[in-house]
$ cat start_35.pdb   # PDB, C-alpha atoms
ATOM      1  CA  MET A  50     -60.971  -7.192  86.137  1.00  0.00           C
ATOM      2  CA  ARG A  51     -64.545  -8.081  85.511  1.00  0.00           C
ATOM      3  CA  GLY A  52     -66.026  -6.767  82.240  1.00  0.00           C
ATOM      4  CA  TYR A  53     -63.146  -4.415  81.480  1.00  0.00           C
ATOM      5  CA  ASP A  54     -60.383  -4.814  78.936  1.00  0.00           C
ATOM      6  CA  MET A  55     -57.247  -2.882  79.715  1.00  0.00           C
ATOM      7  CA  PRO A  56     -56.474  -0.377  76.963  1.00  0.00           C
ATOM      8  CA  ASP A  57     -53.270  -0.669  74.986  1.00  0.00           C
ATOM      9  CA  PRO A  58     -52.206   2.945  74.433  1.00  0.00           C
ATOM     10  CA  GLN A  59     -49.484   3.756  71.929  1.00  0.00           C
ATOM     11  CA  ILE A  60     -47.678   6.992  71.114  1.00  0.00           C
ATOM     12  CA  LEU A  61     -45.829   7.108  67.809  1.00  0.00           C
ATOM     13  CA  GLY A  62     -45.893   3.333  67.676  1.00  0.00           C
ATOM     14  CA  GLU A  63     -44.401   2.874  71.152  1.00  0.00           C
ATOM     15  CA  ARG A  64     -46.496   1.077  73.754  1.00  0.00           C
ATOM     16  CA  VAL A  65     -47.196   3.085  76.917  1.00  0.00           C
ATOM     17  CA  ALA A  66     -47.289   0.972  80.069  1.00  0.00           C
ATOM     18  CA  ILE A  67     -50.200   1.477  82.447  1.00  0.00           C
ATOM     19  CA  LYS A  68     -49.221   1.348  86.105  1.00  0.00           C
ATOM     20  CA  ASP A  69     -51.224   1.164  89.316  1.00  0.00           C
ATOM     21  CA  GLN A  70     -49.415   4.068  90.945  1.00  0.00           C
ATOM     22  CA  ILE A  71     -47.595   7.256  90.017  1.00  0.00           C
ATOM     23  CA  LYS A  72     -45.254   9.614  91.830  1.00  0.00           C
ATOM     24  CA  TYR A  73     -46.328  13.237  91.401  1.00  0.00           C
ATOM     25  CA  LEU A  74     -44.624  16.120  93.247  1.00  0.00           C
ATOM     26  CA  GLY A  75     -43.241  13.681  95.795  1.00  0.00           C
ATOM     27  CA  LEU A  76     -46.590  12.027  96.547  1.00  0.00           C
ATOM     28  CA  GLU A  77     -47.190   8.392  95.708  1.00  0.00           C
ATOM     29  CA  LEU A  78     -50.657   8.228  94.155  1.00  0.00           C
ATOM     30  CA  ASN A  79     -52.332   4.933  93.349  1.00  0.00           C
ATOM     31  CA  ARG A  80     -55.554   4.292  91.511  1.00  0.00           C
ATOM     32  CA  VAL A  81     -57.683   3.887  94.654  1.00  0.00           C
ATOM     33  CA  LEU A  82     -56.122   6.933  96.428  1.00  0.00           C
ATOM     34  CA  GLY A  83     -55.450   4.938  99.593  1.00  0.00           C
ATOM     35  CA  PHE A  84     -52.064   6.633 100.155  1.00  0.00           C
ATOM     36  CA  ARG A  85     -50.651   3.524 101.849  1.00  0.00           C
ATOM     37  CA  ALA A  86     -47.728   3.471  99.393  1.00  0.00           C
ATOM     38  CA  HIS A  87     -46.977   7.125 100.065  1.00  0.00           C
ATOM     39  CA  LEU A  88     -47.032   6.663 103.837  1.00  0.00           C
ATOM     40  CA  GLU A  89     -44.653   3.709 103.596  1.00  0.00           C
ATOM     41  CA  ALA A  90     -42.274   5.626 101.311  1.00  0.00           C
ATOM     42  CA  ALA A  91     -42.356   8.697 103.571  1.00  0.00           C
ATOM     43  CA  GLU A  92     -41.807   6.504 106.626  1.00  0.00           C
ATOM     44  CA  LYS A  93     -38.794   4.857 104.998  1.00  0.00           C
ATOM     45  CA  LYS A  94     -37.193   8.219 104.118  1.00  0.00           C
ATOM     46  CA  ALA A  95     -37.910   9.685 107.540  1.00  0.00           C
ATOM     47  CA  GLN A  96     -36.686   6.546 109.320  1.00  0.00           C
ATOM     48  CA  THR A  97     -33.374   6.705 107.460  1.00  0.00           C
ATOM     49  CA  THR A  98     -32.980  10.370 108.408  1.00  0.00           C
ATOM     50  CA  ALA A  99     -33.975   9.669 112.020  1.00  0.00           C
ATOM     51  CA  VAL A 100     -31.367   6.937 112.379  1.00  0.00           C
ATOM     52  CA  VAL A 101     -28.630   9.164 110.950  1.00  0.00           C
ATOM     53  CA  LEU A 102     -29.626  12.086 113.176  1.00  0.00           C
ATOM     54  CA  SER A 103     -29.857   9.871 116.248  1.00  0.00           C
ATOM     55  CA  ARG A 104     -26.171   9.062 115.827  1.00  0.00           C
ATOM     56  CA  PHE A 105     -25.458  12.748 116.517  1.00  0.00           C
ATOM     57  CA  MET A 106     -27.416  12.525 119.752  1.00  0.00           C
ATOM     58  CA  PRO A 107     -26.157   9.869 122.135  1.00  0.00           C
ATOM     59  CA  ASN A 108     -28.295   9.266 125.218  1.00  0.00           C
ATOM     60  CA  VAL A 109     -25.509  10.400 127.532  1.00  0.00           C
ATOM     61  CA  GLY A 110     -23.961  13.792 126.796  1.00  0.00           C
ATOM     62  CA  GLY A 111     -23.974  15.317 123.353  1.00  0.00           C
ATOM     63  CA  THR A 112     -26.204  18.175 122.253  1.00  0.00           C
ATOM     64  CA  GLY A 113     -28.703  20.006 124.457  1.00  0.00           C
ATOM     65  CA  GLN A 114     -32.486  19.697 124.459  1.00  0.00           C
ATOM     66  CA  LYS A 115     -33.096  22.649 122.098  1.00  0.00           C
ATOM     67  CA  LYS A 116     -30.686  21.333 119.481  1.00  0.00           C
ATOM     68  CA  ARG A 117     -32.183  17.858 119.731  1.00  0.00           C
ATOM     69  CA  ARG A 118     -35.672  19.274 119.223  1.00  0.00           C
ATOM     70  CA  LEU A 119     -34.479  21.243 116.185  1.00  0.00           C
ATOM     71  CA  LEU A 120     -33.075  18.089 114.595  1.00  0.00           C
ATOM     72  CA  ALA A 121     -36.375  16.324 115.243  1.00  0.00           C
ATOM     73  CA  THR A 122     -38.211  18.875 113.072  1.00  0.00           C
ATOM     74  CA  VAL A 123     -36.294  17.576 110.048  1.00  0.00           C
ATOM     75  CA  VAL A 124     -37.959  14.199 110.422  1.00  0.00           C
ATOM     76  CA  GLU A 125     -41.352  15.799 111.067  1.00  0.00           C
ATOM     77  CA  SER A 126     -41.160  17.733 107.821  1.00  0.00           C
ATOM     78  CA  LYS A 127     -40.368  14.554 105.887  1.00  0.00           C
ATOM     79  CA  ILE A 128     -43.301  12.744 107.471  1.00  0.00           C
ATOM     80  CA  LEU A 129     -45.789  15.581 107.028  1.00  0.00           C
ATOM     81  CA  TYR A 130     -45.084  16.421 103.381  1.00  0.00           C
ATOM     82  CA  GLY A 131     -48.408  16.635 101.557  1.00  0.00           C
ATOM     83  CA  SER A 132     -50.354  15.829 104.712  1.00  0.00           C
ATOM     84  CA  PRO A 133     -53.493  17.872 103.873  1.00  0.00           C
ATOM     85  CA  ILE A 134     -53.923  15.597 100.858  1.00  0.00           C
ATOM     86  CA  TRP A 135     -53.527  12.213 102.582  1.00  0.00           C
ATOM     87  CA  VAL A 136     -55.128  13.056 105.942  1.00  0.00           C
ATOM     88  CA  GLY A 137     -58.026  10.717 105.131  1.00  0.00           C
ATOM     89  CA  ALA A 138     -55.652   7.746 105.280  1.00  0.00           C
ATOM     90  CA  LEU A 139     -55.323   8.189 109.041  1.00  0.00           C
ATOM     91  CA  VAL A 140     -58.656   6.530 109.735  1.00  0.00           C
ATOM     92  CA  HIS A 141     -56.673   3.280 109.910  1.00  0.00           C
ATOM     93  CA  GLN A 142     -54.503   2.633 112.969  1.00  0.00           C
ATOM     94  CA  ARG A 143     -51.930   0.892 110.779  1.00  0.00           C
ATOM     95  CA  ASN A 144     -51.263   4.156 108.929  1.00  0.00           C
ATOM     96  CA  ILE A 145     -50.971   6.103 112.188  1.00  0.00           C
ATOM     97  CA  ASP A 146     -48.433   3.589 113.481  1.00  0.00           C
ATOM     98  CA  THR A 147     -46.489   3.905 110.227  1.00  0.00           C
ATOM     99  CA  ILE A 148     -46.000   7.659 110.513  1.00  0.00           C
ATOM    100  CA  LEU A 149     -45.200   7.493 114.234  1.00  0.00           C
ATOM    101  CA  ARG A 150     -42.300   5.051 113.802  1.00  0.00           C
ATOM    102  CA  PRO A 151     -39.603   7.518 112.673  1.00  0.00           C
ATOM    103  CA  GLN A 152     -40.838  10.156 115.093  1.00  0.00           C
ATOM    104  CA  ARG A 153     -40.402   7.731 117.964  1.00  0.00           C
ATOM    105  CA  VAL A 154     -36.718   7.218 117.152  1.00  0.00           C
ATOM    106  CA  LEU A 155     -35.952  10.901 117.532  1.00  0.00           C
ATOM    107  CA  ALA A 156     -38.286  11.369 120.476  1.00  0.00           C
ATOM    108  CA  LEU A 157     -36.284   8.724 122.342  1.00  0.00           C
ATOM    109  CA  ARG A 158     -33.061  10.593 121.592  1.00  0.00           C
ATOM    110  CA  THR A 159     -34.546  14.017 122.322  1.00  0.00           C
ATOM    111  CA  ALA A 160     -35.798  12.877 125.735  1.00  0.00           C
ATOM    112  CA  MET A 161     -32.571  10.891 126.322  1.00  0.00           C
ATOM    113  CA  SER A 162     -34.618   7.835 127.272  1.00  0.00           C
ATOM    114  CA  TYR A 163     -34.442   4.116 126.634  1.00  0.00           C
ATOM    115  CA  ARG A 164     -36.352   2.267 123.934  1.00  0.00           C
ATOM    116  CA  THR A 165     -38.662   0.557 126.433  1.00  0.00           C
ATOM    117  CA  VAL A 166     -40.575   3.801 127.048  1.00  0.00           C
ATOM    118  CA  LEU A 167     -44.024   4.062 125.455  1.00  0.00           C
ATOM    119  CA  THR A 168     -44.327   6.219 122.338  1.00  0.00           C
ATOM    120  CA  ALA A 169     -47.011   8.469 123.843  1.00  0.00           C
ATOM    121  CA  ALA A 170     -44.954   9.018 126.988  1.00  0.00           C
ATOM    122  CA  VAL A 171     -41.685   9.770 125.227  1.00  0.00           C
ATOM    123  CA  THR A 172     -43.273  12.268 122.841  1.00  0.00           C
ATOM    124  CA  VAL A 173     -44.742  14.168 125.797  1.00  0.00           C
ATOM    125  CA  VAL A 174     -41.420  14.205 127.658  1.00  0.00           C
ATOM    126  CA  ALA A 175     -39.560  15.282 124.498  1.00  0.00           C
ATOM    127  CA  GLY A 176     -42.092  18.027 123.814  1.00  0.00           C
ATOM    128  CA  ILE A 177     -42.942  16.608 120.416  1.00  0.00           C
ATOM    129  CA  VAL A 178     -46.524  16.612 119.183  1.00  0.00           C
ATOM    130  CA  SER A 179     -47.499  13.266 117.632  1.00  0.00           C
ATOM    131  CA  ALA A 180     -47.373  13.283 113.847  1.00  0.00           C
ATOM    132  CA  HIS A 181     -50.969  12.156 113.383  1.00  0.00           C
ATOM    133  CA  LEU A 182     -52.176  15.079 115.496  1.00  0.00           C
ATOM    134  CA  LEU A 183     -50.065  17.499 113.444  1.00  0.00           C
ATOM    135  CA  VAL A 184     -51.591  16.104 110.270  1.00  0.00           C
ATOM    136  CA  CYS A 185     -55.108  16.656 111.590  1.00  0.00           C
ATOM    137  CA  GLU A 186     -54.212  20.183 112.697  1.00  0.00           C
ATOM    138  CA  ARG A 187     -52.773  21.111 109.292  1.00  0.00           C
ATOM    139  CA  SER A 188     -55.818  19.790 107.445  1.00  0.00           C
ATOM    140  CA  GLU A 189     -58.271  21.911 109.487  1.00  0.00           C
ATOM    141  CA  LYS A 190     -56.882  25.257 108.293  1.00  0.00           C
TER     142      LYS A 190
END
$ encode --input "start_35.pdb" --output "structure tokens"
Amino acid sequence: MRGYDMPDPQILGERVAIKDQIKYLGLELNRVLGFRAHLEAAEKKAQTTAVVLSRFMPNVGGTGQKKRRLLATVVESKILYGSPIWVGALVHQRNIDTILRPQRVLALRTAMSYRTVLTAAVTVVAGIVSAHLLVCERSEK
């Protein structure tokens, strides 16, 4: 960095490392508060859950629409954790696409459709509100 020497903090003679990001109450905070790291971590957790839950819901047969929708709320809650704090990160389309990825997996299974269907169309058919719209709604309260 220009004109700035990094401090070398020590506690009881032990050096304390300075990092660019910290995890606090499940939120990944970095020094510029861009929340990109948090969105990627949340997407990874939600994607893993979505894949596991989608195995319970084959496209042909299996559970009914109401049960499929209930399982989809699990992924939504993982995506939306702390959303009033990081809502400002959704000004970038890349971040919106990141949080929609796991939701799409379950929307496809909820609507019992194929993967070639558009994300916007499958969320409407499945009765699932897009995650970025839910984030905006929660931040307005």
$ residues_around --input "start_35.pdb" --residues "Leu183 (chain A)" --least-positions-apart "2" --cutoff "12 Å" --atoms "only C-alpha atoms" --output "list of chain:residue names"
A:Thr122, A:Glu125, A:Ser126, A:Ile128, A:Leu129, A:Tyr130, A:Ser132, A:Pro133, A:Val136, A:Leu139, A:Ile145, A:Ile148, A:Leu149, A:Gln152, A:Ile177, A:Val178, A:Ser179, A:Ala180, A:His181, A:Cys185, A:Glu186, A:Arg187, A:Ser188, A:Glu189, A:Lys190
$ write_last_selection --input "start_35.pdb" --atoms "C-alpha atoms" --output "CSV table (one decimal), keeping the file's coordinate frame"
chain,number,residue,atom,x,y,z
A,122,THR,CA,-38.2,18.9,113.1
A,125,GLU,CA,-41.4,15.8,111.1
A,126,SER,CA,-41.2,17.7,107.8
A,128,ILE,CA,-43.3,12.7,107.5
A,129,LEU,CA,-45.8,15.6,107.0
A,130,TYR,CA,-45.1,16.4,103.4
A,132,SER,CA,-50.4,15.8,104.7
A,133,PRO,CA,-53.5,17.9,103.9
A,136,VAL,CA,-55.1,13.1,105.9
A,139,LEU,CA,-55.3,8.2,109.0
A,145,ILE,CA,-51.0,6.1,112.2
A,148,ILE,CA,-46.0,7.7,110.5
A,149,LEU,CA,-45.2,7.5,114.2
A,152,GLN,CA,-40.8,10.2,115.1
A,177,ILE,CA,-42.9,16.6,120.4
A,178,VAL,CA,-46.5,16.6,119.2
A,179,SER,CA,-47.5,13.3,117.6
A,180,ALA,CA,-47.4,13.3,113.8
A,181,HIS,CA,-51.0,12.2,113.4
A,185,CYS,CA,-55.1,16.7,111.6
A,186,GLU,CA,-54.2,20.2,112.7
A,187,ARG,CA,-52.8,21.1,109.3
A,188,SER,CA,-55.8,19.8,107.4
A,189,GLU,CA,-58.3,21.9,109.5
A,190,LYS,CA,-56.9,25.3,108.3
$ resolve_selection --input "start_35.pdb" --expression "the PyMOL selection byres ((chain A and resi 93) around 10)" --output "PyMOL selection string"
chain A and resi 87-92+94-99+127-128+147-148+150-151
$ atom_distance --input "start_35.pdb" --atom1 "CA of Lys68 (chain A)" --atom2 "CA of Trp135 (chain A)"
20.2 Å
$ closest_residue --input "start_35.pdb" --among "A:Arg164, A:Arg64, A:Arg158, A:His141" --to "Gly111 (chain A)" --atoms "all atoms listed in the file"
A:Arg158
$ resolve_selection --input "start_35.pdb" --expression "the PyMOL selection byres ((chain A and resi 157) around 12)" --output "PyMOL selection string"
chain A and resi 99-100+102-103+106-108+114+117-118+121+150-156+158-177
$ atom_distance --input "start_35.pdb" --atom1 "CA of Asn144 (chain A)" --atom2 "CA of Phe84 (chain A)"
9.2 Å
$ atom_distance --input "start_35.pdb" --atom1 "CA of Asp54 (chain A)" --atom2 "CA of Val81 (chain A)"
18.2 Å
$ closest_residue --input "start_35.pdb" --among "A:Arg80, A:Lys115, A:Arg85, A:Lys72" --to "Gly137 (chain A)" --atoms "all atoms listed in the file"
A:Arg85
$ axis_aligned_box --input "start_35.pdb" --around "region 76-79 of chain A" --padding-each-side "5 Å" --output "AutoDock Vina command-line options"
--center_x -49.5 --center_y 8.5 --center_z 94.9 --size_x 15.7 --size_y 17.1 --size_z 13.2
$ decode --input "start_35.pdb" --residues "region 109-124 of chain A" --atoms "C-alpha atoms" --output "mmCIF file, in the first residue's frame"
data_model
loop_
_atom_site.group_PDB
_atom_site.id
_atom_site.type_symbol
_atom_site.label_atom_id
_atom_site.label_comp_id
_atom_site.auth_asym_id
_atom_site.auth_seq_id
_atom_site.Cartn_x
_atom_site.Cartn_y
_atom_site.Cartn_z
ATOM 1 C CA VAL A 109 -41.098 -37.978 -12.217
ATOM 2 C CA GLY A 110 -43.080 -39.034 -9.150
ATOM 3 C CA GLY A 111 -41.849 -38.435 -5.642
ATOM 4 C CA THR A 112 -43.191 -35.781 -3.295
ATOM 5 C CA GLY A 113 -46.032 -33.376 -4.068
ATOM 6 C CA GLN A 114 -45.805 -29.679 -4.900
ATOM 7 C CA LYS A 115 -46.357 -28.461 -1.311
ATOM 8 C CA LYS A 116 -43.611 -30.672 0.090
ATOM 9 C CA ARG A 117 -41.237 -29.617 -2.672
ATOM 10 C CA ARG A 118 -41.926 -25.955 -1.929
ATOM 11 C CA LEU A 119 -41.297 -26.544 1.784
ATOM 12 C CA LEU A 120 -37.907 -28.092 1.044
ATOM 13 C CA ALA A 121 -37.055 -25.115 -1.154
ATOM 14 C CA THR A 122 -37.442 -22.755 1.825
ATOM 15 C CA VAL A 123 -34.431 -24.428 3.451
ATOM 16 C CA VAL A 124 -32.214 -23.211 0.637
#
